[in-house]
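So this block is my_file.cif, mmCIF, C-alpha atoms:
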```
data_data
#
loop_
_atom_site.label_atom_id
_atom_site.label_comp_id
_atom_site.auth_asym_id
_atom_site.auth_seq_id
_atom_site.Cartn_x
_atom_site.Cartn_y
_atom_site.Cartn_z
CA MET J 91 -10.84 -23.75 -45.77
CA ILE J 92 -10.95 -19.97 -45.23
CA ARG J 93 -13.81 -18.82 -43.01
CA THR J 94 -14.72 -16.58 -40.11
CA ALA J 95 -14.42 -17.84 -36.56
CA THR J 96 -17.14 -19.06 -34.24
CA ALA J 97 -17.39 -19.09 -30.46
CA ALA J 98 -16.44 -22.77 -30.55
CA ASP J 99 -13.07 -21.83 -32.11
CA GLU J 100 -11.92 -19.74 -29.16
CA PRO J 101 -10.02 -22.49 -27.28
CA ALA J 102 -8.17 -23.40 -30.48
CA LEU J 103 -7.41 -19.73 -31.17
CA TYR J 104 -5.95 -19.27 -27.69
CA ALA J 105 -3.86 -22.42 -28.14
CA LEU J 106 -2.54 -21.20 -31.51
CA TRP J 107 -1.61 -17.79 -30.08
CA SER J 108 0.06 -19.42 -27.11
CA ARG J 109 2.10 -21.65 -29.39
CA CYS J 110 3.16 -18.81 -31.70
CA PHE J 111 3.61 -16.00 -29.16
CA GLY J 112 4.54 -17.89 -26.01
CA ASP J 113 2.90 -16.94 -22.75
CA ALA J 114 0.37 -14.25 -23.72
CA PRO J 115 -2.44 -14.32 -21.14
CA HIS J 116 -3.60 -10.85 -22.16
CA LEU J 117 -4.74 -11.94 -25.63
CA PRO J 118 -8.04 -13.59 -24.60
CA ALA J 119 -8.99 -10.51 -22.55
CA LEU J 120 -8.17 -8.17 -25.43
CA TYR J 121 -10.01 -10.40 -27.88
CA ALA J 122 -13.13 -10.29 -25.72
CA LEU J 123 -13.28 -6.47 -25.93
CA ASP J 124 -14.95 -6.66 -29.35
CA ASP J 125 -18.51 -7.99 -29.25
CA GLY J 126 -18.31 -8.58 -33.01
CA ARG J 127 -15.00 -10.39 -32.82
CA HIS J 128 -16.04 -13.65 -34.46
CA HIS J 129 -17.02 -12.21 -37.82
CA ARG J 130 -13.83 -10.10 -37.70
CA THR J 131 -11.64 -13.13 -37.06
CA PHE J 132 -10.51 -14.96 -40.18
CA VAL J 133 -9.14 -18.47 -39.91
CA ALA J 134 -7.68 -21.10 -42.20
CA ALA J 135 -8.89 -24.52 -41.04
CA GLY J 136 -7.48 -27.84 -42.16
CA ASP J 137 -9.58 -30.80 -43.24
CA ASP J 138 -9.45 -32.16 -39.71
CA GLY J 139 -10.67 -28.84 -38.27
CA THR J 140 -7.25 -27.76 -36.98
CA LEU J 141 -6.75 -23.99 -37.15
CA ASP J 142 -3.68 -23.40 -39.28
CA ALA J 143 -3.67 -19.59 -39.33
CA VAL J 144 -5.58 -16.57 -38.04
CA VAL J 145 -5.88 -12.84 -38.75
CA VAL J 146 -7.99 -10.55 -36.56
CA TYR J 147 -9.37 -7.15 -37.56
CA VAL J 148 -10.03 -4.78 -34.64
CA PRO J 149 -12.12 -1.65 -35.31
CA ARG J 150 -10.57 1.47 -33.75
CA THR J 151 -11.25 5.19 -33.74
CA VAL J 152 -8.19 7.19 -34.79
CA ARG J 153 -7.77 10.93 -35.39
CA ASP J 154 -6.77 12.33 -38.79
CA ALA J 155 -4.29 15.12 -39.56
CA HIS J 156 -6.85 17.68 -38.33
CA GLY J 157 -7.72 15.80 -35.15
CA ALA J 158 -11.09 14.51 -36.40
CA PRO J 159 -11.93 10.90 -35.39
CA HIS J 160 -12.40 8.21 -38.05
CA ARG J 161 -12.96 4.47 -38.05
CA ILE J 162 -9.96 2.38 -39.07
CA GLY J 163 -9.20 -1.33 -39.03
CA GLY J 164 -6.34 -2.57 -36.90
CA ILE J 165 -4.79 -5.89 -37.90
CA GLY J 166 -3.41 -8.01 -35.08
CA SER J 167 -3.00 -11.45 -33.52
CA VAL J 168 -1.70 -12.81 -36.84
CA ALA J 169 -0.40 -16.35 -36.34
CA THR J 170 0.33 -19.46 -38.42
CA ARG J 171 1.19 -22.95 -37.21
CA PRO J 172 4.84 -23.63 -38.12
CA GLU J 173 3.78 -26.72 -40.10
CA ALA J 174 1.40 -24.61 -42.23
CA ARG J 175 3.73 -21.76 -43.14
CA GLY J 176 4.67 -20.96 -46.72
CA ARG J 177 1.23 -21.79 -48.14
CA GLY J 178 -0.08 -18.23 -48.56
CA LEU J 179 -2.64 -18.59 -45.78
CA VAL J 180 -2.01 -15.20 -44.21
CA ARG J 181 -2.34 -13.48 -47.59
CA ALA J 182 -5.71 -15.17 -48.14
CA LEU J 183 -6.89 -14.18 -44.67
CA LEU J 184 -5.74 -10.58 -45.17
CA ALA J 185 -7.83 -10.43 -48.36
CA GLU J 186 -10.90 -11.47 -46.37
CA ALA J 187 -10.11 -8.96 -43.63
CA THR J 188 -9.64 -6.19 -46.19
CA ALA J 189 -13.05 -6.89 -47.74
CA THR J 190 -14.76 -6.82 -44.34
CA MET J 191 -12.97 -3.66 -43.18
CA THR J 192 -14.01 -1.89 -46.37
CA ARG J 193 -17.59 -3.11 -46.07
CA GLU J 194 -17.72 -1.90 -42.46
CA GLY J 195 -16.59 1.61 -43.33
CA CYS J 196 -12.92 1.63 -42.31
CA GLY J 197 -11.06 4.46 -44.03
CA TRP J 198 -7.75 2.63 -43.82
CA SER J 199 -5.95 -0.15 -42.00
CA LEU J 200 -3.07 -0.05 -39.54
CA LEU J 201 -0.75 -2.71 -38.15
CA PHE J 202 2.62 -3.02 -36.42
CA THR J 203 5.08 -5.77 -37.20
CA GLY J 204 8.71 -6.78 -37.25
CA THR J 205 8.15 -8.74 -40.48
CA PRO J 206 6.84 -6.21 -43.03
CA GLY J 207 7.44 -8.55 -45.95
CA VAL J 208 4.48 -10.65 -44.81
CA TYR J 209 2.12 -7.74 -45.49
CA GLU J 210 3.67 -5.79 -48.37
CA GLY J 211 2.31 -8.20 -50.96
CA SER J 212 -1.20 -7.57 -49.62
CA GLY J 213 -1.02 -3.81 -50.05
CA TRP J 214 0.33 -2.55 -46.71
CA ARG J 215 3.13 0.04 -46.75
CA THR J 216 5.60 1.01 -44.03
CA PHE J 217 5.74 4.46 -42.48
CA ALA J 218 8.38 6.08 -40.33
CA ARG J 219 7.98 6.89 -36.64
CA PRO J 220 10.80 9.04 -35.24
CA TYR J 221 12.64 8.41 -32.00
CA ALA J 222 15.59 9.88 -30.10
CA GLU J 223 18.07 7.81 -28.11
CA GLY J 224 21.42 8.06 -26.41
CA PRO J 225 23.26 7.76 -23.10
CA LEU J 226 21.28 8.69 -20.00
CA ALA J 227 21.73 12.23 -18.76
CA ALA J 228 24.11 12.73 -15.83
CA ALA J 229 22.68 11.52 -12.55
CA ARG J 230 20.90 14.12 -10.46
CA GLU J 231 18.71 14.03 -7.42
CA ALA J 232 15.25 12.69 -8.22
CA PRO J 233 12.55 15.38 -8.36
CA GLY J 234 10.49 15.31 -5.19
CA ASP J 235 7.15 15.62 -6.98
CA VAL J 236 7.60 12.47 -9.09
CA ARG J 237 6.14 9.23 -7.80
CA GLU J 238 4.91 5.93 -9.16
CA ALA J 239 1.27 5.86 -10.24
CA ARG J 240 -1.31 4.28 -7.94
CA PRO J 241 -4.50 2.37 -8.82
CA GLY J 242 -6.57 5.31 -7.57
CA ASP J 243 -4.98 7.59 -10.20
CA ARG J 244 -6.57 5.79 -13.15
CA ALA J 245 -9.64 8.00 -13.63
CA ARG J 246 -7.59 11.18 -13.46
CA LEU J 247 -4.91 9.74 -15.73
CA ALA J 248 -7.59 8.85 -18.27
CA ARG J 249 -8.82 12.45 -18.27
CA LEU J 250 -5.28 13.80 -18.53
CA GLN J 251 -4.46 11.46 -21.40
CA SER J 252 -7.68 12.33 -23.23
CA GLU J 253 -7.01 16.07 -22.93
CA HIS J 254 -3.37 15.70 -23.98
CA ASN J 255 -4.39 13.75 -27.11
CA ALA J 256 -7.65 15.53 -27.91
CA HIS J 257 -6.42 16.65 -31.34
CA ARG J 258 -3.42 14.39 -31.88
CA PRO J 259 -3.04 13.00 -35.43
CA LEU J 260 -2.93 9.19 -35.46
CA GLY J 261 -4.03 9.12 -31.82
CA SER J 262 -6.51 6.43 -30.79
CA VAL J 263 -9.64 7.52 -28.91
CA ARG J 264 -9.68 5.37 -25.77
CA SER J 265 -12.85 4.04 -24.21
CA ALA J 266 -13.47 3.11 -20.60
CA GLU J 267 -13.02 -0.54 -21.61
CA ASP J 268 -9.65 0.30 -23.14
CA TRP J 269 -8.54 1.74 -19.82
CA ARG J 270 -9.90 -1.26 -17.96
CA VAL J 271 -8.37 -3.96 -20.20
CA ARG J 272 -6.25 -2.77 -23.14
CA VAL J 273 -3.98 -0.27 -21.36
CA PRO J 274 -3.15 -2.61 -18.42
CA ALA J 275 -2.54 -5.47 -20.87
CA TRP J 276 0.13 -3.58 -22.80
CA TYR J 277 1.46 -1.52 -19.89
CA GLY J 278 1.79 -4.38 -17.44
CA ARG J 279 4.15 -5.30 -14.65
CA ASP J 280 7.20 -4.86 -16.85
CA THR J 281 6.53 -1.12 -17.22
CA LEU J 282 7.12 1.83 -14.92
CA HIS J 283 4.37 4.44 -14.54
CA LEU J 284 5.52 7.81 -13.18
CA VAL J 285 3.37 10.82 -12.36
CA THR J 286 4.01 14.41 -11.32
CA GLU J 287 1.56 15.80 -8.79
CA ASP J 288 -0.45 18.98 -8.61
CA GLY J 289 -0.99 20.83 -5.34
CA ALA J 290 -3.76 18.46 -4.30
CA GLY J 291 -1.72 15.31 -4.96
CA GLY J 292 -3.38 14.53 -8.28
CA PRO J 293 -1.43 13.80 -11.48
CA ARG J 294 -0.33 16.69 -13.72
CA GLY J 295 1.84 14.47 -15.87
CA TRP J 296 2.14 10.75 -16.63
CA LEU J 297 4.92 8.77 -18.28
CA VAL J 298 5.16 5.05 -19.11
CA ALA J 299 8.55 3.44 -19.66
CA ARG J 300 10.06 -0.02 -19.91
CA ILE J 301 13.54 -0.67 -18.53
CA ALA J 302 15.26 -3.73 -19.98
CA ASP J 303 18.67 -4.78 -21.30
CA GLY J 304 20.34 -1.60 -20.07
CA THR J 305 17.90 0.75 -21.83
CA ALA J 306 14.94 2.78 -20.60
CA GLU J 307 12.33 3.17 -23.35
CA VAL J 308 9.64 5.83 -23.06
CA LEU J 309 6.39 4.42 -24.48
CA GLU J 310 3.90 7.20 -23.76
CA ALA J 311 3.46 10.45 -21.86
CA ALA J 312 0.63 12.88 -21.19
CA VAL J 313 1.30 16.22 -19.51
CA ALA J 314 -0.62 19.29 -18.45
CA ASP J 315 2.30 21.56 -19.48
CA ASP J 316 5.78 21.31 -20.97
CA ASP J 317 7.58 21.57 -17.62
CA CYS J 318 5.98 18.30 -16.50
CA LEU J 319 7.75 16.31 -19.19
CA GLY J 320 11.21 17.46 -18.13
CA THR J 321 10.40 16.59 -14.53
CA LEU J 322 9.18 13.13 -15.53
CA TYR J 323 12.27 12.58 -17.68
CA ALA J 324 14.50 13.50 -14.74
CA GLY J 325 12.62 11.12 -12.46
CA LEU J 326 12.93 8.34 -15.02
CA ALA J 327 16.67 8.94 -15.53
CA VAL J 328 17.37 8.48 -11.81
CA ARG J 329 15.24 5.33 -11.57
CA ALA J 330 16.68 3.91 -14.78
CA ARG J 331 20.24 4.30 -13.52
CA ALA J 332 19.29 2.64 -10.26
CA ALA J 333 17.93 -0.29 -12.31
CA GLY J 334 21.21 -0.65 -14.20
CA ALA J 335 20.29 1.20 -17.42
CA VAL J 336 22.87 3.35 -19.19
CA ARG J 337 20.85 4.44 -22.23
CA ALA J 338 17.35 5.64 -23.03
CA ARG J 339 15.07 5.93 -26.04
CA THR J 340 11.96 8.07 -26.35
CA ARG J 341 9.24 7.65 -28.95
CA LEU J 342 7.40 10.84 -28.00
CA PRO J 343 6.78 13.12 -31.00
CA SER J 344 9.07 16.10 -31.33
CA SER J 345 7.79 19.51 -30.23
CA PRO J 346 9.47 22.62 -28.78
CA GLY J 347 8.53 21.49 -25.27
CA ALA J 348 9.71 17.94 -25.86
CA GLU J 349 13.04 19.17 -27.22
CA ARG J 350 13.59 21.40 -24.18
CA ALA J 351 12.87 18.45 -21.89
CA LEU J 352 15.12 15.96 -23.72
CA PRO J 353 18.44 16.86 -21.98
CA ARG J 354 16.91 15.77 -18.67
CA LEU J 355 16.71 12.23 -20.07
CA LEU J 356 19.50 11.98 -22.66
CA ARG J 357 23.00 13.40 -22.63
CA ALA J 358 22.65 16.47 -24.84
CA ASP J 359 25.91 15.96 -26.76
CA ALA J 360 25.17 12.35 -27.70
CA VAL J 361 21.56 12.24 -28.93
CA THR J 362 20.93 10.03 -31.97
CA ARG J 363 17.81 10.43 -34.12
CA GLY J 364 16.26 7.56 -36.00
CA THR J 365 13.03 6.16 -37.40
CA ASP J 366 11.14 2.99 -36.60
CA THR J 367 9.41 1.39 -39.60
CA THR J 368 7.42 -1.30 -37.82
CA GLY J 369 4.20 0.60 -38.55
CA MET J 370 2.29 -0.23 -41.75
CA TYR J 371 -0.85 1.19 -43.38
CA ARG J 372 -3.21 0.27 -46.19
CA PRO J 373 -5.65 2.81 -47.67
CA LEU J 374 -9.19 1.49 -48.05
CA LEU J 375 -11.95 4.10 -48.42
CA THR J 376 -9.65 7.04 -47.64
CA PRO J 377 -7.26 8.25 -50.38
CA ALA J 378 -3.63 7.29 -49.76
CA ARG J 379 -2.53 10.93 -49.78
CA THR J 380 -4.93 11.73 -46.96
CA VAL J 381 -3.71 8.80 -44.86
CA GLU J 382 -0.10 9.81 -45.47
CA ARG J 383 -0.82 13.35 -44.31
CA THR J 384 -2.09 11.93 -41.02
CA LEU J 385 0.96 9.70 -40.56
CA ALA J 386 3.37 12.57 -41.27
CA ALA J 387 1.49 15.31 -39.38
CA PRO J 388 3.33 17.17 -36.60
CA GLY J 389 2.76 15.44 -33.27
CA ALA J 390 1.41 12.24 -34.83
CA ALA J 391 1.66 9.27 -32.46
CA TYR J 392 0.00 5.91 -31.98
CA TRP J 393 0.76 4.85 -28.43
CA TYR J 394 1.89 1.32 -27.58
CA GLY J 395 -0.91 1.05 -25.01
CA ASP J 396 -3.43 1.08 -27.88
CA SER J 397 -1.95 -2.00 -29.54
CA PHE J 398 -4.33 -4.50 -31.12
#
```
Let me see whether you can do it: turn the structure in this file into structure tokens.
Amino acid sequence: MIRTATAADEPALYALWSRCFGDAPHLPALYALDDGRHHRTFVAAGDDGTLDAVVVYVPRTVRDAHGAPHRIGGIGSVATRPEARGRGLVRALLAEATATMTREGCGWSLLFTGTPGVYEGSGWRTFARPYAEGPLAAAREAPGDVREARPGDRARLARLQSEHNAHRPLGSVRSAEDWRVRVPAWYGRDTLHLVTEDGAGGPRGWLVARIADGTAEVLEAAVADDDCLGTLYAGLAVRARAAGAVRARTRLPSSPGAERALPRLLRADAVTRGTDTTGMYRPLLTPARTVERTLAAPGAAYWYGDSF
């Protein structure tokens, strides 16, 4: 039976996510952010009441190609019990989610996945997100004005991030609750937060990276000026080498300032450009051409910390 969830389903939902995603303690906290979560959660229940599959729609506010905010529907927490796979349950749940997103005024839908074939048959299309990667730049002395972020920086980092992304195409408009729950959930203990300071010791720039398997990956940055990014890159390169990394990848959108800063992170003669196609979109009330202009606009970025 396909239906929407109830409060009584939450323990079973958490158990299903735990089984499919492993240890994911952040999911219940993220799920609780949406007061209307139950009617936006679509489940396939067996005759015995067991939850076989789930799809969750999360309403988000995302900027268009001109920087104007619009309501979209994020699709996330998609899971199916291994024993119930291959029965078309996710496709049926996506159809219910699509109808609700449209009814609730979402211009389009967005999701991120490593298995795009699951969603293509339901109308989602991939889009390209550029990245640059290569060997770490030659080791230098760490800049003295780069430090790790502290808990007391959060309010100022939120302002800095908001100002940096005030007109960014594809950028999500973060709420106070996002900063309290969503951002820490996705940028947890496995990430490094670096800041550059102003004269009063407050942050002028912020960078989030994950160092794993010999690679430092830049997930997000917000800076007051272009010089900050190069300084943050240099600070990351030194710390990444100390942690055993030999390569780096940055997902920050290209701009003149970002290109000038890049040699402080990556060896200039060995930079490789590529595109990540884990992002997918589905037009709903907004014409496809308009959505595609947003996705391809200069500076467009959807940060990992805004994941669903």
Radius query 9 Å about (-1.7, 11.0, -3.7), atoms used: all atoms listed in the file, as a ChimeraX atom specification: /J:239-240,242-243,287,290-293
Within 6 Å of stretch 209-217 of chain J, which residues of stretch 353-379 of chain J show up? Give each one with its shortest atom-to-atom distance in Å (one decimal) and the two atoms involved, counting all atoms listed in the file, rows by chain then rising residue number, as a Markdown table.
```
| residue | atom | partner | partner_atom | distance |
| --- | --- | --- | --- | --- |
| J:Thr367 | CA | J:Phe217 | CA | 5.6 |
| J:Gly369 | CA | J:Thr216 | CA | 5.7 |
| J:Met370 | CA | J:Thr216 | CA | 4.2 |
| J:Tyr371 | CA | J:Trp214 | CA | 5.1 |
| J:Arg372 | CA | J:Trp214 | CA | 4.6 |
```
Could you jot down the atom CA of J:Ala232 to atom CA of J:Tyr394 separation for me, Å, one decimal place?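 Interatomic distance here is 26.1 Å.
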Determine the residue membership of the PyMOL selection byres ((chain J and resi 142) around 12) for the file above and supply it as a ChimeraX atom specification. /J:91-93,99,102-103,105-107,109-110,132-141,143-145,168-180,183
Care to translate the PyMOL selection byres ((chain J and resi 269-272) around 8) into actual residues of this file, as a ChimeraX atom specification? /J:119-120,123,248,264-268,273-276,395-397
Starting from the PyMOL selection byres ((chain J and resi 360) around 9), expand the selection into actual residues of this file and give them as a PDB file with C-alpha atoms, keeping the file's coordinate frame.
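This went into part-v7.pdb:
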```
ATOM      1  CA  GLU J 223      18.070   7.810 -28.110  1.00  0.00           C
ATOM      2  CA  GLY J 224      21.420   8.060 -26.410  1.00  0.00           C
ATOM      3  CA  PRO J 225      23.260   7.760 -23.100  1.00  0.00           C
ATOM      4  CA  LEU J 356      19.500  11.980 -22.660  1.00  0.00           C
ATOM      5  CA  ARG J 357      23.000  13.400 -22.630  1.00  0.00           C
ATOM      6  CA  ALA J 358      22.650  16.470 -24.840  1.00  0.00           C
ATOM      7  CA  ASP J 359      25.910  15.960 -26.760  1.00  0.00           C
ATOM      8  CA  VAL J 361      21.560  12.240 -28.930  1.00  0.00           C
ATOM      9  CA  THR J 362      20.930  10.030 -31.970  1.00  0.00           C
TER      10      THR J 362
END
```
Write out as a count of residues only which residues come within 10 Å of J:Ala348 when counting only C-alpha atoms, dropping same-chain ones fewer than 6 positions away. 5
Which residues come within 8 Å of J:Ile165, counting only C-alpha atoms, excluding same-chain residues fewer than 6 positions away, as a PDB file with C-alpha atoms, keeping the file's coordinate frame?
```pdb
ATOM      1  CA  VAL J 145      -5.880 -12.840 -38.750  1.00  0.00           C
ATOM      2  CA  VAL J 146      -7.990 -10.550 -36.560  1.00  0.00           C
ATOM      3  CA  TYR J 147      -9.370  -7.150 -37.560  1.00  0.00           C
ATOM      4  CA  VAL J 148     -10.030  -4.780 -34.640  1.00  0.00           C
ATOM      5  CA  SER J 199      -5.950  -0.150 -42.000  1.00  0.00           C
ATOM      6  CA  LEU J 200      -3.070  -0.050 -39.540  1.00  0.00           C
ATOM      7  CA  LEU J 201      -0.750  -2.710 -38.150  1.00  0.00           C
ATOM      8  CA  PHE J 398      -4.330  -4.500 -31.120  1.00  0.00           C
TER       9      PHE J 398
END
```
Write out as CSV a residue-level contact list of stretch 190-268 of chain J versus stretch 326-336 of chain J with cut-off 10 Å: for each qualifying residue the closest pair of atoms and the distance in Å to one decimal, counting all atoms listed in the file, rows sorted by chain and residue number upward.
```
residue,atom,partner,partner_atom,distance
J:Gly224,CA,J:Val336,CA,8.7
J:Pro225,CA,J:Val336,CA,5.9
J:Leu226,CA,J:Val336,CA,5.6
J:Ala227,CA,J:Ala327,CA,6.8
J:Ala228,CA,J:Ala327,CA,8.4
J:Ala229,CA,J:Val328,CA,6.2
J:Arg230,CA,J:Val328,CA,6.8
J:Glu231,CA,J:Val328,CA,7.2
J:Ala232,CA,J:Val328,CA,5.9
J:Pro233,CA,J:Val328,CA,9.1
J:Val236,CA,J:Leu326,CA,9.0
J:Arg237,CA,J:Leu326,CA,10.0
```
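Here atom CA of J:Val298 stands at a distance of 17.7 Å from atom CA of J:Gly389.
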Could you jot down the atom CA of J:Pro159 to atom CA of J:Leu260 separation for me, Å, one decimal place?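 Atom CA of J:Pro159 sits 9.2 Å away from atom CA of J:Leu260.
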For each of J:Gly164, J:Pro377, J:Pro241, J:Pro118, take the minimum atom-to-atom distance to J:Ser262, counting all atoms listed in the file, then give the residue where this is smallest.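 For J:Ser262, the nearest of the candidates is J:Gly164.
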Hey, which of J:Arg130, J:Ser252, J:Trp198, J:Ala390 ends up closest to J:Glu186? Count only C-alpha atoms. J:Arg130
Counting only C-alpha atoms, which of J:Ile301, J:Ala98, J:Ala338, J:Leu247 gets nearest to J:Asp280?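 When distances to J:Asp280 are compared using only C-alpha atoms, the smallest one comes from J:Ile301.
Of the listed residues (J:Ala97, J:Ala182, J:Ala189, J:Val308), J:Ala189 comes nearest to J:Leu374; the distances count all atoms listed in the file.
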I'd like the contact shell of J:Glu310 - 10 Å cut-off, only C-alpha atoms, skipping same-chain residues fewer than 3 positions apart - returned as a ChimeraX atom specification. /J:251,277,283,296-299,307,340-343,391-395
How would the residues just picked look written out with C-alpha atoms as a short mmCIF file (atom, residue, chain, number, x, y, z; two decimals), in the frame of the given file?
```cif
data_model
loop_
_atom_site.label_atom_id
_atom_site.label_comp_id
_atom_site.auth_asym_id
_atom_site.auth_seq_id
_atom_site.Cartn_x
_atom_site.Cartn_y
_atom_site.Cartn_z
CA GLN J 251 -4.46 11.46 -21.40
CA TYR J 277 1.46 -1.52 -19.89
CA HIS J 283 4.37 4.44 -14.54
CA TRP J 296 2.14 10.75 -16.63
CA LEU J 297 4.92 8.77 -18.28
CA VAL J 298 5.16 5.05 -19.11
CA ALA J 299 8.55 3.44 -19.66
CA GLU J 307 12.33 3.17 -23.35
CA THR J 340 11.96 8.07 -26.35
CA ARG J 341 9.24 7.65 -28.95
CA LEU J 342 7.40 10.84 -28.00
CA PRO J 343 6.78 13.12 -31.00
CA ALA J 391 1.66 9.27 -32.46
CA TYR J 392 0.00 5.91 -31.98
CA TRP J 393 0.76 4.85 -28.43
CA TYR J 394 1.89 1.32 -27.58
CA GLY J 395 -0.91 1.05 -25.01
#
```
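If you count all atoms listed in the file and ignore residues fewer than 4 places along the chain from J:His156, what sits within 12 Å of it is J:Val152, J:His160, J:Ala256, J:His257, J:Arg258, J:Pro259, J:Leu260, J:Gly261, J:Thr380, J:Val381, J:Arg383, J:Thr384, J:Leu385, J:Ala386, J:Ala387, J:Pro388, J:Gly389, J:Ala390.
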